[in-house]
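Peer 1: Here you go, protein_37.txt (compact mmCIF, C-alpha atoms):
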```txt
# COMPACT_ATOMS: atom_id res chain seq x y z
CA MET V 1 259.63 8.60 348.57
CA ARG V 2 257.20 11.12 347.20
CA SER V 3 253.66 9.97 346.63
CA THR V 4 251.67 10.83 343.52
CA PRO V 5 248.79 13.20 344.20
CA PRO V 6 245.35 11.56 343.92
CA ASP V 7 244.29 13.79 341.03
CA ARG V 8 247.39 12.82 339.00
CA GLN V 9 246.79 9.13 339.77
CA SER V 10 243.21 9.49 338.55
CA SER V 11 244.36 11.25 335.38
CA ARG V 12 246.97 8.55 334.69
CA TRP V 13 244.37 5.81 335.22
CA ARG V 14 242.01 7.49 332.79
CA ARG V 15 244.76 7.72 330.18
CA HIS V 16 245.57 4.00 330.56
CA ARG V 17 241.87 3.18 330.44
CA TRP V 18 241.38 5.02 327.17
CA ARG V 19 244.46 3.32 325.72
CA TRP V 20 242.98 -0.07 326.57
CA ILE V 21 239.63 0.94 325.07
CA ALA V 22 241.33 2.16 321.88
CA ALA V 23 243.43 -1.00 321.67
CA GLY V 24 240.32 -3.11 322.16
CA ALA V 25 238.52 -1.22 319.42
CA VAL V 26 241.41 -1.84 317.01
CA VAL V 27 241.43 -5.55 317.86
CA ALA V 28 237.65 -5.74 317.42
CA LEU V 29 237.93 -3.95 314.10
CA CYS V 30 240.62 -6.34 312.95
CA LEU V 31 238.58 -9.33 314.06
CA GLY V 32 235.51 -7.92 312.32
CA GLY V 33 237.54 -7.40 309.15
CA GLY V 34 238.77 -10.97 309.39
CA VAL V 35 235.24 -12.26 309.75
CA PHE V 36 234.10 -10.13 306.79
CA ILE V 37 236.97 -11.44 304.65
CA GLU V 38 236.09 -15.00 305.64
CA LEU V 39 232.41 -14.44 304.80
CA TRP V 40 233.43 -12.77 301.52
CA SER V 41 235.57 -15.77 300.54
CA GLN V 42 232.75 -18.20 301.34
CA SER V 43 230.01 -16.25 299.55
CA GLY V 44 230.77 -17.50 296.05
CA ALA V 45 228.78 -19.75 293.75
CA HIS V 46 228.16 -23.46 294.33
CA GLN V 47 227.03 -26.20 291.97
CA LEU V 48 223.27 -26.57 291.75
CA PRO V 49 222.12 -29.98 293.03
CA LEU V 50 220.62 -32.14 290.28
CA SER V 51 217.63 -32.83 292.55
CA VAL V 52 216.77 -29.11 292.62
CA ALA V 53 216.69 -28.97 288.82
CA VAL V 54 214.53 -32.12 288.68
CA GLN V 55 212.08 -30.68 291.22
CA ARG V 56 211.82 -27.50 289.16
CA PHE V 57 211.21 -29.59 286.02
CA HIS V 58 208.38 -31.48 287.76
CA SER V 59 206.59 -28.18 288.42
CA ALA V 60 206.20 -27.65 284.64
CA ALA V 61 203.53 -29.41 282.60
CA PRO V 62 204.93 -32.42 280.67
CA GLY V 63 204.78 -32.47 276.88
CA PRO V 64 204.75 -35.13 274.14
CA GLY V 65 207.67 -37.35 273.19
CA HIS V 66 210.74 -36.10 271.35
CA GLU V 67 211.03 -35.84 267.58
CA ALA V 68 213.49 -34.59 264.97
CA LEU V 69 215.47 -31.59 266.20
CA ARG V 70 213.84 -31.85 269.62
CA PRO V 71 215.46 -33.94 272.37
CA ALA V 72 213.61 -35.83 275.09
CA GLN V 73 212.68 -33.45 277.86
CA GLY V 74 214.01 -33.75 281.38
CA VAL V 75 217.10 -32.82 283.39
CA TYR V 76 220.40 -33.91 281.84
CA GLN V 77 223.63 -34.15 283.79
CA TYR V 78 226.58 -32.28 282.33
CA SER V 79 230.06 -31.87 283.77
CA GLY V 80 232.14 -28.75 283.38
CA THR V 81 234.24 -25.96 284.82
CA GLY V 82 234.27 -22.20 284.54
CA THR V 83 235.16 -18.93 286.22
CA GLU V 84 233.33 -15.62 286.48
CA HIS V 85 235.10 -12.44 287.58
CA LEU V 86 233.54 -9.05 288.28
CA SER V 87 235.85 -6.03 288.31
CA VAL V 88 233.69 -3.67 290.44
CA PRO V 89 233.31 -4.66 293.22
CA PRO V 90 236.08 -7.25 292.67
CA LYS V 91 234.62 -10.73 293.02
CA THR V 92 235.32 -14.17 291.53
CA GLN V 93 233.13 -17.27 291.57
CA SER V 94 233.34 -20.71 289.99
CA GLU V 95 231.10 -23.08 288.02
CA GLY V 96 230.49 -26.83 288.06
CA PRO V 97 231.72 -29.49 288.33
CA ILE V 98 228.14 -30.79 287.90
CA ILE V 99 225.96 -28.67 285.61
CA PRO V 100 222.28 -29.68 285.54
CA SER V 101 220.66 -28.81 282.22
CA THR V 102 216.93 -28.84 281.62
CA VAL V 103 215.08 -29.45 278.36
CA ALA V 104 211.43 -28.35 278.58
CA TYR V 105 208.90 -28.30 275.76
CA GLN V 106 207.30 -25.01 274.72
CA PRO V 107 204.27 -24.22 272.52
CA HIS V 108 204.42 -24.73 268.74
CA GLY V 109 207.02 -27.51 268.92
CA CYS V 110 209.70 -25.27 270.45
CA TRP V 111 211.84 -26.26 273.43
CA SER V 112 214.04 -24.52 275.97
CA PHE V 113 217.51 -25.55 277.12
CA ARG V 114 218.72 -24.19 280.45
CA LEU V 115 222.25 -24.67 281.79
CA ASP V 116 222.63 -24.13 285.56
CA PHE V 117 226.36 -23.41 285.72
CA SER V 118 225.99 -22.82 289.48
CA ASP V 119 223.40 -21.65 291.99
CA ASN V 120 224.42 -18.09 291.03
CA HIS V 121 224.39 -18.37 287.22
CA TRP V 122 222.19 -19.89 284.52
CA GLN V 123 221.73 -19.43 280.80
CA SER V 124 218.59 -20.38 278.87
CA TYR V 125 217.88 -20.71 275.13
CA THR V 126 214.62 -21.24 273.21
CA TYR V 127 214.85 -23.38 270.05
CA CYS V 128 212.21 -23.93 267.37
CA PRO V 129 212.51 -26.60 264.62
CA GLN V 130 211.62 -25.28 261.17
CA GLY V 131 212.01 -27.81 258.40
CA LYS V 132 215.63 -28.94 258.41
CA ALA V 133 216.72 -25.89 260.43
CA LEU V 134 216.79 -25.36 264.17
CA LEU V 135 216.19 -21.72 265.02
CA LEU V 136 217.19 -19.96 268.24
CA THR V 137 214.42 -17.45 268.92
CA ALA V 138 215.23 -16.16 272.42
CA ARG V 139 217.90 -16.31 275.08
CA SER V 140 218.17 -15.21 278.68
CA GLY V 141 220.68 -15.33 281.50
CA TRP V 142 220.92 -14.68 285.22
CA TYR V 143 223.86 -13.81 287.46
CA GLN V 144 223.87 -13.30 291.21
CA TRP V 145 226.71 -11.91 293.34
CA ASP V 146 226.90 -12.21 297.13
CA PHE V 147 228.82 -9.29 298.65
CA VAL V 148 228.07 -10.37 302.27
CA VAL V 149 226.34 -7.10 303.18
CA THR V 150 224.09 -7.31 300.11
CA THR V 151 223.24 -9.66 297.24
CA ILE V 152 222.84 -8.35 293.70
CA GLY V 153 221.14 -10.30 290.93
CA ASP V 154 220.29 -9.46 287.33
CA THR V 155 218.29 -11.21 284.61
CA GLU V 156 218.77 -10.40 280.94
CA THR V 157 216.06 -11.41 278.42
CA LEU V 158 216.69 -11.15 274.68
CA ILE V 159 214.38 -11.82 271.72
CA CYS V 160 216.14 -12.69 268.45
CA ARG V 161 214.95 -10.98 265.25
CA PRO V 162 216.20 -12.17 262.82
CA THR V 163 216.43 -15.54 264.49
CA GLU V 164 219.70 -17.36 264.92
CA ASP V 165 220.41 -20.51 262.90
CA ALA V 166 221.45 -22.88 265.67
CA ILE V 167 221.52 -25.52 262.91
CA PRO V 168 221.26 -24.15 259.34
CA ALA V 169 218.99 -25.94 256.87
CA ALA V 170 221.90 -26.25 254.44
CA LEU V 171 225.02 -27.56 256.15
CA ALA V 172 227.77 -25.88 254.14
CA VAL V 173 231.16 -25.03 255.62
CA GLY V 174 232.05 -21.36 255.20
CA PRO V 175 228.87 -19.25 255.09
CA ARG V 176 228.14 -17.17 258.18
CA HIS V 177 224.52 -16.65 259.22
CA SER V 178 223.83 -13.31 260.88
CA PHE V 179 221.50 -12.81 263.83
CA SER V 180 220.43 -10.05 266.19
CA CYS V 181 218.86 -10.32 269.67
CA ARG V 182 217.54 -7.35 271.64
CA GLY V 183 216.15 -7.06 275.13
CA THR V 184 216.31 -5.67 278.64
CA ASN V 185 217.79 -6.29 282.07
CA SER V 186 215.96 -6.53 285.39
CA PRO V 187 216.26 -5.10 287.98
CA LEU V 188 219.25 -3.18 286.55
CA SER V 189 218.08 0.13 285.14
CA ILE V 190 220.08 0.36 281.90
CA PRO V 191 219.10 1.03 278.27
CA PRO V 192 218.10 -1.92 276.03
CA VAL V 193 220.89 -4.28 275.01
CA THR V 194 221.55 -5.64 271.51
CA MET V 195 223.54 -8.83 270.93
CA ALA V 196 224.41 -9.19 267.23
CA GLY V 197 226.76 -11.55 265.45
CA TRP V 198 227.04 -14.63 263.26
CA VAL V 199 226.94 -18.43 263.42
CA GLU V 200 229.12 -20.68 261.28
CA TYR V 201 228.89 -24.42 260.61
CA ILE V 202 232.39 -25.89 261.10
CA GLY V 203 231.87 -29.55 260.24
CA ARG V 204 230.58 -32.96 261.25
CA GLY V 205 232.07 -35.51 263.66
CA THR V 206 231.29 -37.74 266.61
CA VAL V 207 231.06 -37.13 270.35
CA THR V 208 231.29 -40.07 272.74
CA VAL V 209 228.95 -40.07 275.74
CA GLN V 210 228.87 -43.07 278.10
CA GLY V 211 230.69 -45.15 275.50
CA ARG V 212 228.24 -44.33 272.73
CA ARG V 213 229.42 -42.43 269.65
CA LEU V 214 226.90 -39.77 268.61
CA GLN V 215 226.79 -38.05 265.25
CA ALA V 216 227.38 -34.37 265.94
CA LEU V 217 227.60 -30.99 264.23
CA GLN V 218 230.16 -28.37 265.27
CA MET V 219 228.96 -24.77 265.38
CA LYS V 220 230.82 -21.51 266.11
CA GLU V 221 229.19 -18.28 267.30
CA VAL V 222 230.69 -14.80 267.65
CA ALA V 223 228.73 -11.75 268.82
CA THR V 224 229.09 -8.24 270.23
CA PHE V 225 226.98 -6.35 272.79
CA SER V 226 225.90 -2.74 272.29
CA GLY V 227 223.52 -0.31 273.96
CA GLY V 228 223.11 -0.65 277.72
CA GLN V 229 226.02 -3.10 277.83
CA THR V 230 229.07 -3.46 275.63
CA GLY V 231 231.39 -6.38 275.07
CA THR V 232 231.95 -9.62 273.17
CA ASP V 233 230.77 -13.21 273.33
CA SER V 234 232.00 -16.35 271.61
CA ALA V 235 231.17 -20.05 271.78
CA GLU V 236 231.91 -23.34 270.04
CA THR V 237 229.34 -26.09 270.48
CA TRP V 238 228.91 -29.69 269.33
CA VAL V 239 225.21 -30.53 268.97
CA ASP V 240 223.48 -33.86 268.35
CA ALA V 241 222.80 -34.06 264.60
CA THR V 242 219.40 -35.68 265.18
CA THR V 243 217.93 -33.90 268.19
CA GLY V 244 219.88 -30.62 268.37
CA LEU V 245 220.84 -31.27 272.01
CA PRO V 246 224.17 -29.57 272.89
CA LEU V 247 226.71 -32.31 273.65
CA ARG V 248 229.74 -30.26 274.63
CA GLY V 249 230.99 -26.73 274.25
CA THR V 250 233.27 -23.89 275.29
CA TRP V 251 232.31 -20.26 275.78
CA SER V 252 233.74 -16.91 276.84
CA THR V 253 232.27 -13.47 277.39
CA VAL V 254 233.41 -9.99 278.36
CA VAL V 255 230.58 -7.58 279.21
CA ARG V 256 230.86 -4.04 280.57
CA THR V 257 227.92 -2.61 282.54
CA PRO V 258 227.58 0.93 283.93
CA SER V 259 227.25 1.19 287.71
CA PRO V 260 227.30 3.91 290.41
CA LEU V 261 230.95 2.95 291.04
CA GLY V 262 231.89 3.22 287.38
CA SER V 263 231.96 0.66 284.59
CA SER V 264 231.98 -2.91 285.91
CA THR V 265 233.41 -5.63 283.66
CA LEU V 266 232.29 -9.25 283.77
CA THR V 267 234.90 -11.65 282.40
CA ALA V 268 233.69 -15.24 282.25
CA GLY V 269 234.28 -18.47 280.43
CA GLY V 270 234.08 -22.21 280.73
CA ARG V 271 233.36 -25.58 279.20
CA PHE V 272 230.67 -28.23 279.55
CA ALA V 273 230.05 -31.78 278.31
CA LEU V 274 227.09 -34.15 278.46
CA ALA V 275 227.79 -36.84 281.08
CA ALA V 276 224.62 -38.98 280.85
CA LEU V 277 222.42 -39.74 277.81
CA THR V 278 219.18 -40.38 279.71
CA PRO V 279 217.52 -37.34 281.35
CA ASN V 280 216.12 -37.40 284.86
CA THR V 281 212.34 -36.92 284.85
```
Turn this file's structure into structure tokens for me.

Peer 2:
Amino acid sequence: MRSTPPDRQSSRWRRHRWRWIAAGAVVALCLGGGVFIELWSQSGAHQLPLSVAVQRFHSAAPGPGHEALRPAQGVYQYSGTGTEHLSVPPKTQSEGPIIPSTVAYQPHGCWSFRLDFSDNHWQSYTYCPQGKALLLTARSGWYQWDFVVTTIGDTETLICRPTEDAIPAALAVGPRHSFSCRGTNSPLSIPPVTMAGWVEYIGRGTVTVQGRRLQALQMKEVATFSGGQTGTDSAETWVDATTGLPLRGTWSTVVRTPSPLGSSTLTAGGRFALAALTPNT
């Protein structure tokens, strides 16, 4: 039997060694990809604990008691569901099932209403009673997306001029009340955004919360985005006829935002309903 020369044996060993190294690198890459996918799937939104919202409320200075078209302040418990999908990079996250919502008093008799749909998304509205009308003077919203290697958040703040009739002074079915809100995003560097549309009073009814029937007004809102962002937004909301507190609602939005990877489209929607009449304070 002929023996293999030492130099050929060494060359063959080196070839096998590099094959094993290459195979190991592929396995490691696959395992790393698996870990990344697992982290990606677990990096979505989660419901915000009610205790966190209450703690945040405690940090604000308390105000006087509630009055007409101004609900008692505190953290209300809502229930709801929703989905948010971003096209670029592709990512989906959920909302609820518990949605803490905070009413906090502002100067001049105004009050804010903030819905924490998750720990990655909230929407806030500023209302001001004026006679028999409840005006919406400002709105803001925040989204955050966890892409494992980085987290991207954005806050949009809009001031409404003319103001939006959250509850018109004259409750007549049919007329549509126009509004326009304009503002900026941070830290996204995009041109100012305008949200313009109309609000319509649909009718009166009752909403049952914890076995109690509340007199409610049904409102519909339709708007479009232009400027730094483009898209549409719509919502139907039942509000307490006495205090103006939202009792239940549905909403949907499609917003396109420019990005270094091209236009990224946010498609989101959901529903919410008041689960407890007494706020946590």

Peer 1: Using all atoms listed in the file, can you tell me which of V:Leu69, V:Cys181, V:Val222, V:Ala276 comes closest to Thr253 (chain V)?

Peer 2: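 Selected residue with least distance to Thr253 (chain V): V:Val222.
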
Peer 1: In Å, how far is it from CA of Met195 (chain V) to CA of Gly269 (chain V)?

Peer 2: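 Calculated distance between CA of Met195 (chain V) and CA of Gly269 (chain V) is 17.3 Å.
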
Peer 1: Just give me the gap between CA of Phe113 (chain V) and CA of Thr250 (chain V) in Å, one decimal is fine.

Peer 2: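 About the pair CA of Phe113 (chain V) and CA of Thr250 (chain V): they are 16.0 Å apart.
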
Peer 1: Taking 5 positions as the minimum chain separation for residues in the same chain, which residues sit within 10 Å of Ser51 (chain V) when counting all atoms listed in the file? Answer as a ChimeraX atom specification.

Peer 2: /V:56-57,75,100,280

Peer 1: Taking only C-alpha atoms into account, name the residue in V:Gly153, V:Gly141, V:Gly205, V:Gly244 that is nearest to Gly183 (chain V).

Peer 2: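 Of V:Gly153, V:Gly141, V:Gly205, V:Gly244, the one nearest Gly183 (chain V), counting only C-alpha atoms, is V:Gly141.
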
Peer 1: List as a list in words the protein and nucleic acid residues near Thr157 (chain V), meaning an atom at most 8 Å away when all atoms listed in the file are counted, but skip any in the same chain fewer than 3 places from it.

Peer 2: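 Contacts, with the query itself left out: Ala138, Arg139, Ser140, Gly141, Gly183, Thr184 and Asn185 of chain V.
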
Peer 1: With a distance cut-off of 9 Å and all atoms listed in the file, select the neighbouring residues of region 172-174 of chain V, excluding the residue or stretch itself and same-chain residues fewer than 4 positions from it, and output the selection as a PyMOL selection string.

Peer 2: chain V and resi 168+200-203

Peer 1: Taking only C-alpha atoms into account, which of V:Ile190, V:Trp238, V:Arg204, V:Ile167 comes nearest Gly131 (chain V)?

Peer 2: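 Closest to Gly131 (chain V) of all the choices is V:Ile167.
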
Peer 1: To one decimal place, how far is CA of Asp233 (chain V) from CA of Thr83 (chain V) in Å?

Peer 2: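 Computed distance, CA of Asp233 (chain V) to CA of Thr83 (chain V), equals 14.8 Å.
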